[in-house]
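Here the structure comes first, spelled out in structure tokens, and everything after it is commentary.
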Amino acid sequence: MNVVCPHCFKVNKIPKKDTYSKANCGSCKNSLLDTTPIEIDESNFDHVIVNSEIPVIVDFWAPWCGPCKMFAPIYNEVSQKYPLKALFIKINTEEQQNLGAKYQIRSIPTLIIYKNGKEVKRVSGALDPLKLSNLVNENL
């Protein structure tokens, strides 16, 4: 399956397994098991969405948004449970206004889940850890 490196954004082809003890990027050699949500921008958004065969969970947020600040640690915590099962990314709508407009983000935080390059689910508002985990599990 194809996965996008969260460090250098190169596409890596890896065997599909239930669990991985080790998986490194062929280009930058960093671990593909790193599940820390990554900040991306307009220049690499489409590349990540189209080239990832695992679901991509996108958090559209802004630094001034209270619910976004409360949701950020939950998003980070839940992301740790899904190495090479889902890719968690963040879009700062204050800095990436074109992406917010393109994807019609009307309220934040908004989560969009992409599978095989297509939007499959959209949820607005902060979620608790259980609801976020359930949402991810439903879309694996």
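By convention in this document, the chains of the structure tokens carry letters A, B, ... by their order, each chain's residues are numbered from 1, and ligands are numbered from 1 in the order they are shown.
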Please produce, as a Markdown table, a per-residue contact table for stretch 78-119 of chain A versus stretch 49-59 of chain A (criterion: any atom at most 6 Å away, only C-alpha atoms considered), showing the nearest atom pair and its distance in Å to one decimal, sorted by chain then residue number.
| residue | atom | partner | partner_atom | distance |
| --- | --- | --- | --- | --- |
| A:Lys85 | CA | A:Ile54 | CA | 5.9 |
| A:Ala86 | CA | A:Pro55 | CA | 4.9 |
| A:Leu87 | CA | A:Val56 | CA | 4.7 |
| A:Phe88 | CA | A:Ile57 | CA | 4.8 |
| A:Ile89 | CA | A:Val58 | CA | 5.0 |
| A:Lys90 | CA | A:Asp59 | CA | 4.7 |
| A:Thr110 | CA | A:Asp59 | CA | 5.9 |
| A:Leu111 | CA | A:Asp59 | CA | 4.7 |
| A:Ile112 | CA | A:Val58 | CA | 5.2 |
| A:Ile113 | CA | A:Ile57 | CA | 4.6 |
| A:Tyr114 | CA | A:Val56 | CA | 5.1 |
| A:Lys115 | CA | A:Pro55 | CA | 4.8 |
| A:Asn116 | CA | A:Glu53 | CA | 5.7 |
| A:Gly117 | CA | A:Val50 | CA | 4.4 |
Worksheet entry | DSSP alpha helix (DSSP H) residues within stretch 6-137 of chain A, as a PyMOL selection string | chain A and resi 45-51+66-79+97-102+129-137
Practice prompt. As a PyMOL selection string, list the residues of chain A assigned to strand (DSSP E) by DSSP on the backbone atoms of this structure.
Written response: chain A and resi 2-4+11-13+38-39+56-61+87-92+110-115+118-124
Response to the item:
Min atom-atom distance to A:Lys69 from the set A:Gly100, A:Ala126, A:Cys8, A:Lys22, counting only C-alpha atoms, belongs to A:Ala126
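Residue neighbourhood of A:Asn92, excluding near-sequence residues (fewer than 5 positions): Phe60, Trp61 and Ala62 of chain A, at 7 Å, using only C-alpha atoms.
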Worksheet item: Which one of A:Leu130, A:Cys25, A:Ile108, A:Leu135 sits closest to A:Pro67 if you count only C-alpha atoms?
Response: A:Ile108
Discussion item. For a test of reading the model, state the distance in Å between atom CA of A:Pro63 and atom CA of A:Lys121, rounded to one decimal.
Written reply: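 Atom-to-atom, atom CA of A:Pro63 and atom CA of A:Lys121 are spaced 23.6 Å apart.
What separates atom CA of A:Gly125 from atom CA of A:Glu94 is a distance of 17.0 Å.
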Practice prompt. Compile the contact shell of A:Glu77 as JSON, numbers by chain: residues with an atom at most 12 Å away, counting only C-alpha atoms, same-chain residues fewer than 4 positions apart removed.
Written response: {"A": [35, 36, 37, 71, 72, 73, 81, 82, 88, 128, 129, 130, 132, 133]}
Dump of C-alpha atoms for the selected residues, as a CSV table (one decimal), in the first residue's frame:
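Contents of the output file out.csv:
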chain,number,residue,atom,x,y,z
A,35,THR,CA,1.6,9.3,14.3
A,36,THR,CA,2.0,12.9,15.4
A,37,PRO,CA,-0.5,15.0,13.4
A,71,PHE,CA,-9.7,19.5,20.9
A,72,ALA,CA,-6.0,19.6,19.9
A,73,PRO,CA,-4.7,17.3,22.8
A,81,LYS,CA,-3.4,4.6,18.3
A,82,TYR,CA,-3.2,4.4,14.5
A,88,PHE,CA,-3.7,12.7,10.9
A,128,ASP,CA,-14.3,13.5,23.0
A,129,PRO,CA,-11.6,10.7,22.7
A,130,LEU,CA,-14.2,7.9,22.4
A,132,LEU,CA,-13.1,10.5,17.7
A,133,SER,CA,-11.8,6.9,18.1
Fill in: Nearest to A:Gln104 by atom-to-atom distance, counting only C-alpha atoms, from A:Ser124, A:Gln80, A:Ile14, A:Leu140
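Distance minimum relative to A:Gln104 lands on A:Ser124.
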